[in-house]
file model-v3.cif (mmCIF, C-alpha atoms and all ligand atoms)
data_input
#
loop_
_atom_site.label_atom_id
_atom_site.label_comp_id
_atom_site.auth_asym_id
_atom_site.auth_seq_id
_atom_site.Cartn_x
_atom_site.Cartn_y
_atom_site.Cartn_z
CA MET A 540 142.49 -96.11 213.39
CA ILE A 541 145.38 -98.12 214.85
CA LEU A 542 146.58 -101.34 213.21
CA ARG A 543 148.69 -103.63 215.35
CA ALA A 544 150.65 -106.82 214.72
CA GLU A 545 153.58 -108.83 215.99
CA TRP A 546 155.64 -107.31 213.17
CA VAL A 547 155.49 -104.10 211.17
CA LEU A 548 157.61 -103.96 208.03
CA PRO A 549 157.85 -100.32 206.91
CA VAL A 550 160.36 -101.25 204.10
CA ALA A 551 161.80 -97.71 204.45
CA ARG A 552 163.49 -98.97 207.63
CA GLU A 553 164.14 -102.13 209.62
CA PRO A 554 161.24 -104.42 210.65
CA MET A 555 159.71 -103.50 213.98
CA GLU A 556 158.58 -106.06 216.55
CA GLN A 557 155.25 -105.39 218.29
CA GLY A 558 154.53 -102.41 216.10
CA GLU A 559 151.53 -100.36 215.12
CA VAL A 560 150.50 -98.14 212.24
CA VAL A 561 148.29 -95.14 212.95
CA VAL A 562 145.98 -94.06 210.11
CA GLN A 563 143.97 -90.85 209.91
CA ASN A 564 141.87 -89.66 206.97
CA GLY A 565 143.44 -92.22 204.64
CA VAL A 566 147.00 -91.22 205.49
CA ILE A 567 149.65 -92.85 207.69
CA VAL A 568 150.39 -90.53 210.60
CA ASP A 569 152.67 -92.74 212.68
CA VAL A 570 154.57 -96.06 212.54
CA ARG A 571 155.78 -96.99 216.01
CA ARG A 572 156.23 -99.59 218.73
CA ARG A 573 152.86 -100.48 220.20
CA SER A 574 151.85 -97.82 222.64
CA GLY A 575 150.16 -100.02 225.24
CA MET A 576 147.51 -102.67 225.61
CA ARG A 577 144.60 -100.32 225.03
CA GLY A 578 142.02 -101.77 222.69
CA GLY A 579 138.83 -100.22 221.39
CA ALA A 580 136.70 -99.81 218.31
CA ASP A 581 139.46 -97.96 216.50
CA VAL A 582 142.16 -100.59 217.19
CA LEU A 583 142.61 -103.64 214.97
CA ASP A 584 145.05 -106.10 216.53
CA PHE A 585 146.10 -108.84 214.11
CA GLY A 586 148.38 -110.67 216.59
CA GLU A 587 150.71 -113.18 214.92
CA ALA A 588 150.93 -111.28 211.65
CA VAL A 589 152.95 -108.71 209.74
CA ILE A 590 151.77 -105.33 208.46
CA LEU A 591 153.54 -104.29 205.28
CA PRO A 592 153.08 -101.71 202.50
CA GLY A 593 150.44 -102.70 199.96
CA LEU A 594 151.99 -104.64 197.09
CA VAL A 595 152.43 -102.83 193.77
CA ASN A 596 151.79 -105.14 190.83
CA VAL A 597 153.29 -103.28 187.88
CA HIS A 598 152.00 -105.51 185.11
CA THR A 599 148.69 -107.30 184.71
CA HIS A 600 145.92 -107.82 182.17
CA LEU A 601 142.98 -108.19 184.57
CA GLU A 602 140.45 -108.59 181.74
CA LEU A 603 142.03 -111.95 180.82
CA THR A 604 141.32 -113.52 184.22
CA VAL A 605 138.52 -115.76 182.94
CA LEU A 606 141.06 -117.43 180.62
CA ARG A 607 143.21 -118.64 183.53
CA GLY A 608 144.39 -122.14 182.63
CA ALA A 609 142.84 -122.04 179.14
CA VAL A 610 146.12 -121.72 177.22
CA GLU A 611 148.78 -123.97 178.65
CA ASP A 612 152.21 -125.39 177.77
CA LEU A 613 152.75 -123.23 174.67
CA PRO A 614 155.64 -120.90 173.85
CA LEU A 615 154.87 -117.21 173.35
CA PHE A 616 154.10 -117.23 169.63
CA GLU A 617 151.60 -120.12 169.77
CA TRP A 618 150.31 -118.82 173.09
CA ILE A 619 149.47 -115.38 171.60
CA ARG A 620 147.72 -116.95 168.58
CA ARG A 621 145.58 -119.13 170.84
CA LEU A 622 144.80 -116.22 173.12
CA VAL A 623 143.70 -114.02 170.21
CA GLU A 624 141.25 -116.75 169.09
CA LEU A 625 139.77 -117.13 172.57
CA LYS A 626 139.41 -113.36 173.02
CA GLU A 627 136.93 -113.44 170.11
CA VAL A 628 134.52 -115.47 172.26
CA LEU A 629 134.23 -112.82 174.96
CA SER A 630 131.57 -110.08 175.11
CA GLU A 631 131.86 -106.66 176.74
CA GLN A 632 130.12 -107.96 179.85
CA ASP A 633 132.53 -110.92 179.97
CA TRP A 634 135.49 -108.54 179.92
CA ARG A 635 134.05 -106.57 182.81
CA ASP A 636 133.29 -109.66 184.90
CA SER A 637 136.67 -111.14 184.08
CA ALA A 638 138.55 -107.96 185.05
CA LEU A 639 136.51 -107.61 188.23
CA TRP A 640 137.36 -111.15 189.29
CA GLY A 641 141.03 -110.31 188.71
CA ALA A 642 140.74 -107.15 190.81
CA LEU A 643 139.14 -109.15 193.62
CA GLU A 644 141.99 -111.66 193.48
CA ALA A 645 144.46 -108.76 193.62
CA ALA A 646 142.77 -107.23 196.68
CA ALA A 647 142.66 -110.60 198.44
CA SER A 648 146.37 -111.06 197.67
CA GLY A 649 147.53 -107.88 199.40
CA ILE A 650 147.91 -105.88 196.18
CA THR A 651 146.88 -102.25 196.57
CA THR A 652 148.16 -100.77 193.28
CA VAL A 653 147.78 -102.36 189.86
CA ALA A 654 149.31 -101.15 186.60
CA ASP A 655 147.10 -102.83 184.05
CA THR A 656 147.25 -103.03 180.29
CA THR A 657 143.75 -103.22 178.86
CA ASP A 658 142.29 -103.68 175.42
CA SER A 659 138.63 -103.43 176.46
CA GLY A 660 139.04 -100.78 179.17
CA ALA A 661 137.32 -103.11 181.64
CA SER A 662 140.11 -102.99 184.21
CA ALA A 663 139.28 -99.35 185.01
CA TYR A 664 135.78 -100.44 185.97
CA ALA A 665 137.21 -103.37 187.98
CA LEU A 666 139.66 -101.24 189.97
CA LEU A 667 136.97 -98.68 190.75
CA GLN A 668 134.52 -101.37 191.89
CA THR A 669 137.09 -102.95 194.18
CA GLY A 670 138.59 -99.71 195.54
CA LEU A 671 142.13 -100.41 194.32
CA ARG A 672 144.64 -97.79 193.25
CA GLY A 673 146.00 -98.16 189.76
CA ARG A 674 146.98 -97.06 186.33
CA VAL A 675 145.13 -98.33 183.31
CA TYR A 676 147.12 -98.29 180.09
CA GLN A 677 144.85 -98.32 177.04
CA GLU A 678 146.29 -100.89 174.68
CA VAL A 679 146.88 -100.11 170.99
CA PHE A 680 147.25 -102.71 168.24
CA ALA A 681 147.83 -101.54 164.66
CA VAL A 682 149.47 -104.09 162.43
CA GLN A 683 147.03 -104.00 159.50
CA PRO A 684 147.76 -101.53 156.66
CA ASP A 685 144.28 -99.95 156.96
CA GLN A 686 145.05 -98.85 160.53
CA SER A 687 146.51 -95.48 159.63
CA PRO A 688 148.10 -93.22 162.26
CA THR A 689 145.16 -90.78 162.03
CA LYS A 690 142.52 -93.47 162.40
CA THR A 691 144.40 -95.20 165.25
CA LEU A 692 144.89 -91.93 167.15
CA SER A 693 141.28 -90.92 166.79
CA GLU A 694 140.03 -94.31 168.05
CA LEU A 695 142.53 -94.16 170.89
CA GLU A 696 141.48 -90.68 171.92
CA ASP A 697 137.81 -91.79 172.09
CA LYS A 698 138.76 -94.64 174.41
CA LEU A 699 140.97 -92.39 176.54
CA GLN A 700 138.20 -89.82 176.92
CA TRP A 701 135.89 -92.57 178.12
CA LEU A 702 138.53 -93.75 180.60
CA HIS A 703 139.07 -90.19 181.85
CA ARG A 704 135.35 -89.75 182.46
CA ALA A 705 135.06 -93.12 184.21
CA THR A 706 138.05 -92.54 186.51
CA ARG A 707 137.65 -88.82 187.29
CA GLY A 708 138.31 -88.10 190.97
CA SER A 709 139.35 -91.68 191.67
CA LEU A 710 142.61 -93.45 192.53
CA VAL A 711 142.92 -94.72 188.95
CA GLU A 712 145.13 -92.97 186.38
CA VAL A 713 145.13 -93.34 182.61
CA GLY A 714 148.01 -94.19 180.28
CA VAL A 715 148.71 -95.58 176.82
CA ALA A 716 150.18 -98.98 175.87
CA PRO A 717 151.33 -99.56 172.31
CA HIS A 718 151.19 -103.38 172.51
CA THR A 719 154.64 -104.22 171.10
CA LEU A 720 157.05 -103.07 168.41
CA TYR A 721 155.77 -105.85 166.14
CA THR A 722 152.01 -105.35 166.59
CA VAL A 723 152.01 -101.58 166.03
CA ARG A 724 153.47 -100.39 162.72
CA PRO A 725 156.36 -97.87 162.81
CA ALA A 726 154.32 -94.98 161.36
CA VAL A 727 151.66 -95.47 164.03
CA LEU A 728 154.32 -95.73 166.72
CA THR A 729 155.78 -92.38 165.65
CA ALA A 730 152.35 -90.75 165.81
CA LEU A 731 151.69 -92.35 169.21
CA ARG A 732 154.99 -91.09 170.61
CA GLU A 733 154.15 -87.56 169.55
CA HIS A 734 150.62 -87.81 170.95
CA THR A 735 151.55 -89.33 174.33
CA ARG A 736 154.33 -86.81 174.82
CA GLN A 737 152.09 -83.87 173.95
CA LYS A 738 149.34 -85.02 176.32
CA GLY A 739 151.72 -86.25 179.03
CA TYR A 740 150.38 -89.80 179.09
CA PRO A 741 152.43 -92.43 180.88
CA VAL A 742 153.42 -95.22 178.50
CA CYS A 743 153.78 -98.97 178.86
CA ILE A 744 155.09 -101.31 176.17
CA HIS A 745 156.02 -105.02 176.02
CA ALA A 746 159.57 -105.23 174.69
CA ALA A 747 162.40 -107.75 174.23
CA GLU A 748 160.19 -110.49 175.63
CA SER A 749 161.07 -113.43 173.37
CA ALA A 750 163.80 -114.64 171.02
CA ASP A 751 161.17 -114.68 168.23
CA GLU A 752 160.57 -110.97 168.73
CA THR A 753 164.26 -110.03 168.48
CA ALA A 754 164.64 -112.38 165.47
CA LEU A 755 161.82 -110.55 163.68
CA LEU A 756 163.01 -107.03 164.52
CA GLN A 757 166.71 -107.64 163.99
CA GLU A 758 166.72 -110.08 161.08
CA GLY A 759 163.17 -110.35 159.73
CA LYS A 760 163.22 -114.05 160.58
CA GLY A 761 161.39 -116.46 162.85
CA LYS A 762 157.79 -117.37 163.58
CA PHE A 763 156.37 -113.84 163.58
CA ALA A 764 158.03 -113.06 160.24
CA GLN A 765 156.60 -116.26 158.79
CA MET A 766 153.10 -115.47 160.03
CA TYR A 767 153.16 -111.95 158.56
CA ALA A 768 154.29 -113.38 155.23
CA GLU A 769 151.49 -115.98 155.29
CA ARG A 770 148.87 -113.35 156.06
CA GLY A 771 150.18 -110.92 153.47
CA ILE A 772 151.00 -108.30 156.11
CA ALA A 773 153.76 -106.07 154.77
CA TRP A 774 156.55 -105.95 157.31
CA GLU A 775 159.76 -104.04 156.92
CA THR A 776 162.53 -105.29 159.19
CA PRO A 777 164.12 -102.45 161.16
CA GLY A 778 167.27 -104.56 161.57
CA LYS A 779 167.72 -103.36 165.15
CA HIS A 780 167.33 -104.61 168.69
CA PRO A 781 163.99 -103.62 170.29
CA VAL A 782 165.70 -101.39 172.88
CA VAL A 783 167.59 -99.53 170.13
CA ILE A 784 164.32 -99.01 168.22
CA LEU A 785 162.74 -97.63 171.39
CA GLN A 786 165.71 -95.36 172.03
CA GLU A 787 165.73 -93.98 168.48
CA GLY A 788 161.96 -93.55 168.59
CA GLY A 789 162.30 -91.42 171.73
CA TRP A 790 160.41 -93.85 173.94
CA LEU A 791 163.00 -94.29 176.67
CA ASP A 792 162.22 -91.80 179.43
CA THR A 793 160.89 -91.47 182.97
CA ASN A 794 157.30 -91.80 181.78
CA THR A 795 157.83 -95.20 180.14
CA LEU A 796 157.45 -98.66 181.64
CA LEU A 797 159.08 -101.46 179.64
CA VAL A 798 157.54 -104.86 180.26
CA HIS A 799 159.75 -107.99 180.25
CA ALA A 800 163.07 -106.79 178.67
CA VAL A 801 164.29 -110.39 179.00
CA HIS A 802 166.62 -110.28 175.98
CA THR A 803 168.67 -107.26 177.02
CA ASP A 804 172.29 -106.74 178.13
CA SER A 805 174.36 -104.41 180.31
CA HIS A 806 174.54 -101.77 177.56
CA HIS A 807 170.73 -101.65 177.59
CA ALA A 808 170.75 -101.48 181.40
CA GLU A 809 172.93 -98.36 181.18
CA LEU A 810 170.45 -96.85 178.74
CA PHE A 811 167.57 -97.58 181.12
CA VAL A 812 169.44 -95.80 183.92
CA SER A 813 170.53 -92.78 181.90
CA THR A 814 167.02 -92.24 180.51
CA GLY A 815 165.16 -93.09 183.75
CA THR A 816 163.16 -95.82 181.99
CA ALA A 817 161.47 -98.28 184.36
CA ILE A 818 161.13 -102.03 183.93
CA ALA A 819 158.24 -104.32 184.83
CA HIS A 820 159.89 -107.60 185.76
CA CYS A 821 157.61 -110.65 185.34
CA PRO A 822 159.82 -113.66 186.19
CA GLN A 823 157.11 -116.33 186.28
CA SER A 824 155.46 -115.32 183.02
CA ASN A 825 158.89 -115.11 181.34
CA ALA A 826 159.73 -118.61 182.52
CA LYS A 827 156.31 -120.11 181.81
CA LEU A 828 156.25 -118.95 178.18
CA PHE A 829 159.80 -120.31 177.62
CA ASN A 830 161.24 -116.81 177.23
CA GLY A 831 164.14 -117.12 179.66
CA VAL A 832 165.37 -115.30 182.75
CA ALA A 833 165.70 -111.50 182.61
CA PRO A 834 168.99 -109.89 183.74
CA LEU A 835 167.50 -108.66 187.03
CA SER A 836 170.79 -108.82 188.98
CA GLU A 837 172.36 -106.62 186.32
CA TRP A 838 169.50 -104.11 186.54
CA LEU A 839 169.76 -103.91 190.30
CA THR A 840 173.55 -103.47 190.15
CA HIS A 841 173.07 -100.60 187.70
CA GLU A 842 170.21 -99.21 189.86
CA VAL A 843 167.60 -99.44 187.12
CA LYS A 844 164.05 -98.71 188.35
CA VAL A 845 162.43 -102.16 188.56
CA GLY A 846 158.99 -103.17 189.77
CA LEU A 847 157.54 -106.65 190.01
CA GLY A 848 154.58 -107.79 187.91
CA THR A 849 152.63 -111.01 187.72
CA ASP A 850 151.48 -110.44 184.13
CA SER A 851 148.07 -111.94 183.32
CA VAL A 852 146.90 -115.14 184.95
CA VAL A 853 146.92 -116.77 181.50
CA SER A 854 150.71 -116.85 181.72
CA ASN A 855 151.28 -117.26 185.45
CA ASN A 856 148.55 -118.44 186.73
CA THR A 857 147.82 -116.32 189.80
CA LEU A 858 148.34 -112.80 191.08
CA ASP A 859 150.33 -114.11 194.06
CA MET A 860 153.10 -111.51 194.49
CA PHE A 861 154.69 -113.50 197.33
CA CYS A 862 155.20 -116.37 194.94
CA GLU A 863 156.47 -113.91 192.31
CA MET A 864 159.03 -112.49 194.77
CA ARG A 865 160.20 -116.02 195.57
CA SER A 866 160.61 -116.83 191.86
CA ALA A 867 162.48 -113.57 191.26
CA VAL A 868 165.06 -114.51 193.90
CA LEU A 869 165.31 -118.21 193.07
CA LEU A 870 165.62 -117.79 189.29
CA GLN A 871 168.49 -115.33 189.72
CA ARG A 872 170.27 -117.59 192.17
CA ALA A 873 169.69 -120.65 189.99
CA THR A 874 171.06 -119.03 186.84
CA ARG A 875 173.73 -116.69 188.23
CA GLY A 876 174.82 -118.54 191.35
CA VAL A 877 176.71 -116.46 193.89
CA HIS A 878 176.98 -113.63 191.35
CA SER A 879 173.30 -112.94 191.87
CA CYS A 880 172.71 -110.03 194.19
CA MET A 881 169.09 -111.00 194.82
CA THR A 882 168.08 -111.15 198.44
CA ALA A 883 164.70 -111.45 200.13
CA ARG A 884 164.92 -107.81 201.15
CA LYS A 885 165.50 -106.69 197.56
CA ALA A 886 162.52 -108.75 196.43
CA ILE A 887 160.21 -107.03 198.93
CA GLU A 888 161.58 -103.64 197.95
CA MET A 889 160.88 -104.44 194.30
CA ALA A 890 157.30 -105.49 195.08
CA THR A 891 156.57 -102.31 197.06
CA THR A 892 158.72 -99.19 196.81
CA GLY A 893 160.41 -100.39 193.58
CA GLY A 894 157.02 -100.66 191.89
CA ALA A 895 156.00 -97.27 193.28
CA HIS A 896 159.15 -95.69 191.79
CA ALA A 897 158.63 -97.49 188.47
CA LEU A 898 155.14 -95.95 188.23
CA GLY A 899 156.23 -92.52 189.47
CA MET A 900 154.06 -92.88 192.58
CA ALA A 901 156.80 -93.16 195.23
CA GLU A 902 155.87 -89.91 196.95
CA ARG A 903 152.47 -91.35 197.79
CA ILE A 904 152.91 -95.08 198.22
CA GLY A 905 155.39 -97.96 198.52
CA THR A 906 156.51 -97.69 202.16
CA LEU A 907 154.88 -97.31 205.57
CA GLU A 908 155.90 -93.79 206.57
CA PRO A 909 154.06 -90.81 208.05
CA GLY A 910 152.57 -88.69 205.29
CA LYS A 911 152.13 -91.55 202.83
CA GLN A 912 148.79 -92.93 201.74
CA ALA A 913 147.50 -95.72 204.00
CA ASP A 914 147.98 -98.44 201.37
CA LEU A 915 148.92 -101.58 203.25
CA CYS A 916 148.22 -105.23 203.80
CA VAL A 917 148.29 -107.58 206.75
CA LEU A 918 149.59 -111.11 206.36
CA SER A 919 149.11 -113.91 208.86
CA LEU A 920 152.19 -115.68 210.21
CA ASN A 921 149.93 -118.18 211.92
CA GLY A 922 149.99 -120.94 209.31
CA ALA A 923 151.96 -124.16 209.73
CA HIS A 924 154.13 -123.08 206.78
CA SER A 925 155.04 -119.76 208.42
CA PHE A 926 155.80 -120.87 211.95
CA PRO A 927 158.27 -120.19 213.45
CA THR A 928 159.24 -116.78 212.08
CA TYR A 929 162.72 -115.48 212.99
CA ASP A 930 162.72 -112.76 210.35
CA PRO A 931 159.54 -111.39 208.72
CA VAL A 932 161.45 -110.41 205.54
CA THR A 933 162.60 -113.93 204.68
CA ALA A 934 159.27 -115.37 205.89
CA LEU A 935 157.37 -113.16 203.42
CA VAL A 936 159.55 -114.14 200.49
CA PHE A 937 160.28 -117.79 201.18
CA SER A 938 157.23 -119.04 203.13
CA ALA A 939 154.24 -116.74 202.62
CA ARG A 940 151.36 -117.18 200.17
CA ALA A 941 148.76 -114.73 198.93
CA SER A 942 146.11 -116.74 200.79
CA ASP A 943 147.76 -115.71 204.09
CA VAL A 944 146.58 -112.12 203.55
CA LEU A 945 144.08 -111.12 206.23
CA MET A 946 143.34 -107.56 205.20
CA THR A 947 144.12 -105.08 202.43
CA MET A 948 143.67 -101.32 202.77
CA VAL A 949 143.85 -98.60 200.13
CA ALA A 950 143.98 -94.93 201.16
CA GLY A 951 142.66 -95.92 204.59
CA LYS A 952 139.69 -97.90 203.22
CA ILE A 953 139.47 -101.64 203.76
CA VAL A 954 139.08 -103.25 200.33
CA TYR A 955 139.46 -106.85 201.55
CA ARG A 956 139.10 -108.48 204.92
CA GLN A 957 138.89 -112.22 205.57
CA GLY A 958 136.95 -113.20 202.47
CA GLU A 959 134.87 -110.01 202.24
CA TYR A 960 135.09 -107.05 199.85
CA PRO A 961 133.39 -104.17 201.69
CA LEU A 962 133.24 -101.82 198.67
CA LEU A 963 131.90 -104.35 196.15
CA ARG A 964 128.35 -103.55 195.06
CA GLU A 965 127.17 -107.10 194.30
CA PRO A 966 127.51 -110.51 195.97
CA VAL A 967 130.69 -112.29 194.88
CA GLN A 968 128.59 -115.37 194.20
CA ASN A 969 126.65 -113.61 191.41
CA LEU A 970 129.85 -112.65 189.65
CA ARG A 971 131.17 -116.18 190.03
CA GLU A 972 128.02 -117.62 188.45
CA ARG A 973 128.27 -115.32 185.43
CA LEU A 974 131.92 -116.26 185.00
CA ARG A 975 130.98 -119.95 185.08
CA HIS A 976 128.78 -119.35 182.03
CA THR A 977 131.60 -117.52 180.25
CA MET A 978 133.95 -120.34 181.12
CA ARG A 979 131.57 -122.86 179.55
CA ARG A 980 131.63 -120.89 176.29
CA VAL A 981 135.42 -120.78 176.33
CA TRP A 982 135.43 -124.50 177.08
CA GLU A 983 133.16 -125.21 174.12
CA THR A 984 135.51 -123.28 171.83
CA LEU A 985 138.49 -125.24 173.14
CA SER A 986 136.64 -128.57 172.73
CA ARG A 987 135.44 -127.68 169.22
CA ASP A 988 138.98 -126.87 168.18
CA GLY A 989 140.25 -130.11 169.68
CA THR A 990 142.50 -128.45 172.24
CA GLY A 991 140.32 -128.85 175.34
ZN ZN B 1001 151.64 -108.24 179.28
#
call {"tool": "encode", "arguments": {"input": "model-v3.cif", "output": "structure tokens"}}
result
Amino acid sequence: MILRAEWVLPVAREPMEQGEVVVQNGVIVDVRRRSGMRGGADVLDFGEAVILPGLVNVHTHLELTVLRGAVEDLPLFEWIRRLVELKEVLSEQDWRDSALWGALEAAASGITTVADTTDSGASAYALLQTGLRGRVYQEVFAVQPDQSPTKTLSELEDKLQWLHRATRGSLVEVGVAPHTLYTVRPAVLTALREHTRQKGYPVCIHAAESADETALLQEGKGKFAQMYAERGIAWETPGKHPVVILQEGGWLDTNTLLVHAVHTDSHHAELFVSTGTAIAHCPQSNAKLFNGVAPLSEWLTHEVKVGLGTDSVVSNNTLDMFCEMRSAVLLQRATRGVHSCMTARKAIEMATTGGAHALGMAERIGTLEPGKQADLCVLSLNGAHSFPTYDPVTALVFSARASDVLMTMVAGKIVYRQGEYPLLREPVQNLRERLRHTMRRVWETLSRDGTG
């Protein structure tokens, strides 16, 4: 199969005008200037468009998609409390439908790889149904005293075995996500570290996201501390910064993905580099939940491994990685002025090869190069907002939208093309109808509680 467009953006090298990508058996075999006018059944010519590597979204919670727009204008602490209440309303089927809708949005937005943190496990099902590549981190919460290390590990292992069975032979990998340092008790964290290391599981953890989190961990103060006291949850303050706790607990290594890391400094950046720890940078979610702007320029100067993530649509509210790239650049420039080193090119690298490196998948994906998996997307430059295009790199970051995506391909298979999902086993309309019912139930809960 030959894919042609006005521009090809391999990311590994300069953009190519009038280029084509040759795909055989799911692998890229050539990236070159177009070889002639020859058409045919095996040639897809997208014309005024750009072909780029599939986007790597390094942090999502696809199962929360049905709650898009349900929890608004609240800072992190209140936001989490509200979210936990609404999660109670959802059934297993709701989780699956919700995650599937999120996976469809990802595919339609040019995302080919998703690193998802899941409580219900539903995102594995969603990625498989849609044909996306990904890693599903099974989430662990253990703040209650009756959640002993043994009990937590045994429940976790059951869930992981299920995930392994469900994803065997697929493009979806399995990992473990202790939720945060304040929702998993230290004894459980120690047991989890031992377990994940022994079994070689990749790890993902939310850390240094909010000022309330650092206040709790460093000083035993703030909203989280107050809530634990009110609920009678025994909480011993470590008296340390989250990154120091992670370092001392042996969590910082090449198999760990830290999500957010907003409240960190250059000393922490050096630690991330020396240990090979990767960061999932979620600029829009950080800003929306009033958590601040992460030191991205610092990370890039230190050459920390950084990928870009949208986070869930409850804190964003879309999976639009083009918009996320734009925010990543603009927030750095707005807060750091000319000291920011963020450029459009760096944003695209972060959303593709940066994400691939952060997930340890760079040998397979992240750039358009012979030998790599044919994970790519095609974006129209035809819209009024994209014309004229002098440089596809700046056009992608400063003008493009997810809705400009014409086609998304994973390992040579088309997973999205102009409104259609070829691998999906049911009509999209059926799924949408079921989600409408779920939404009504969520709406009733919101109305009953006087927040709708
Ligand atoms: Zn998250």
call {"tool": "residues_around", "arguments": {"input": "model-v3.cif", "residues": "range 860-876 of chain A", "least_positions_apart": "4", "cutoff": "8 Å", "atoms": "all atoms listed in the file", "output": "list in words"}}
result
Leu594, Asn596, Ser648, Ile650, Cys821, Pro822, Gln823, Val832, Leu835, Ser836, Leu847, Gly848, Thr849, Met881, Thr882, Ala883, Ala886, Ile887, Ala890, Leu935, Val936, Phe937, Ala939, Arg940 and Ala941 of chain A
call {"tool": "residues_near_ligand", "arguments": {"input": "model-v3.cif", "ligand": "ligand ZN 1001 (chain B)", "cutoff": "8 Å", "atoms": "all atoms listed in the file", "output": "list in words"}}
result
His598, Thr599, His600, Thr656, His745, Val798, Asp850 and Ser851 of chain A
call {"tool": "write_last_selection", "arguments": {"input": "model-v3.cif", "atoms": "C-alpha atoms", "output": "PDB file, keeping the file's coordinate frame"}}
result
ATOM      1  CA  HIS A 598     152.000-105.510 185.110  1.00  0.00           C
ATOM      2  CA  THR A 599     148.690-107.300 184.710  1.00  0.00           C
ATOM      3  CA  HIS A 600     145.920-107.820 182.170  1.00  0.00           C
ATOM      4  CA  THR A 656     147.250-103.030 180.290  1.00  0.00           C
ATOM      5  CA  HIS A 745     156.020-105.020 176.020  1.00  0.00           C
ATOM      6  CA  VAL A 798     157.540-104.860 180.260  1.00  0.00           C
ATOM      7  CA  ASP A 850     151.480-110.440 184.130  1.00  0.00           C
ATOM      8  CA  SER A 851     148.070-111.940 183.320  1.00  0.00           C
TER       9      SER A 851
END
call {"tool": "residues_around", "arguments": {"input": "model-v3.cif", "residues": "Gly778 in chain A", "least_positions_apart": "3", "cutoff": "10 Å", "atoms": "all atoms listed in the file", "output": "list in words"}}
result
Thr753, Ala754, Leu755, Leu756, Gln757, Glu758, Gly759, Glu775, Pro781, Val783 and Ile784 of chain A
call {"tool": "residues_around", "arguments": {"input": "model-v3.cif", "residues": "Leu858 in chain A", "least_positions_apart": "5", "cutoff": "7 Å", "atoms": "all atoms listed in the file", "output": "list of chain:residue names"}}
result
A:Glu644, A:Ala645, A:Thr849, A:Val852
call {"tool": "atom_distance", "arguments": {"input": "model-v3.cif", "atom1": "CA of Val711 in chain A", "atom2": "CA of Thr891 in chain A"}}
result
17.6 Å
call {"tool": "residues_around", "arguments": {"input": "model-v3.cif", "residues": "Glu733 in chain A", "least_positions_apart": "2", "cutoff": "12 Å", "atoms": "all atoms listed in the file", "output": "list of chain:residue names"}}
result
A:Pro688, A:Leu692, A:Ala726, A:Val727, A:Leu728, A:Thr729, A:Ala730, A:Leu731, A:Thr735, A:Arg736, A:Gln737, A:Lys738, A:Gly739, A:Tyr740, A:Val742, A:Gly788, A:Gly789, A:Trp790
call {"tool": "residues_around", "arguments": {"input": "model-v3.cif", "residues": "Gly922 in chain A", "least_positions_apart": "4", "cutoff": "12 Å", "atoms": "all atoms listed in the file", "output": "ChimeraX atom specification"}}
result
/A:587-588,918,926-928,934,938-940,942-945
call {"tool": "atom_distance", "arguments": {"input": "model-v3.cif", "atom1": "CA of His799 in chain A", "atom2": "CA of Thr604 in chain A"}}
result
19.6 Å
call {"tool": "residues_near_point", "arguments": {"input": "model-v3.cif", "point": "(153.4, -92.1, 191.8)", "cutoff": "12 Å", "atoms": "all atoms listed in the file", "output": "VMD selection string"}}
result
chain A and resid 595 597 652 to 654 672 to 674 710 to 712 741 793 to 794 891 to 905 911 to 912
call {"tool": "write_last_selection", "arguments": {"input": "model-v3.cif", "atoms": "C-alpha atoms", "output": "JSON list (two decimals), in the frame of the given file"}}
result
[["chain", "number", "residue", "atom", "x", "y", "z"],
["A", 595, "VAL", "CA", 152.43, -102.83, 193.77],
["A", 597, "VAL", "CA", 153.29, -103.28, 187.88],
["A", 652, "THR", "CA", 148.16, -100.77, 193.28],
["A", 653, "VAL", "CA", 147.78, -102.36, 189.86],
["A", 654, "ALA", "CA", 149.31, -101.15, 186.60],
["A", 672, "ARG", "CA", 144.64, -97.79, 193.25],
["A", 673, "GLY", "CA", 146.00, -98.16, 189.76],
["A", 674, "ARG", "CA", 146.98, -97.06, 186.33],
["A", 710, "LEU", "CA", 142.61, -93.45, 192.53],
["A", 711, "VAL", "CA", 142.92, -94.72, 188.95],
["A", 712, "GLU", "CA", 145.13, -92.97, 186.38],
["A", 741, "PRO", "CA", 152.43, -92.43, 180.88],
["A", 793, "THR", "CA", 160.89, -91.47, 182.97],
["A", 794, "ASN", "CA", 157.30, -91.80, 181.78],
["A", 891, "THR", "CA", 156.57, -102.31, 197.06],
["A", 892, "THR", "CA", 158.72, -99.19, 196.81],
["A", 893, "GLY", "CA", 160.41, -100.39, 193.58],
["A", 894, "GLY", "CA", 157.02, -100.66, 191.89],
["A", 895, "ALA", "CA", 156.00, -97.27, 193.28],
["A", 896, "HIS", "CA", 159.15, -95.69, 191.79],
["A", 897, "ALA", "CA", 158.63, -97.49, 188.47],
["A", 898, "LEU", "CA", 155.14, -95.95, 188.23],
["A", 899, "GLY", "CA", 156.23, -92.52, 189.47],
["A", 900, "MET", "CA", 154.06, -92.88, 192.58],
["A", 901, "ALA", "CA", 156.80, -93.16, 195.23],
["A", 902, "GLU", "CA", 155.87, -89.91, 196.95],
["A", 903, "ARG", "CA", 152.47, -91.35, 197.79],
["A", 904, "ILE", "CA", 152.91, -95.08, 198.22],
["A", 905, "GLY", "CA", 155.39, -97.96, 198.52],
["A", 911, "LYS", "CA", 152.13, -91.55, 202.83],
["A", 912, "GLN", "CA", 148.79, -92.93, 201.74]]
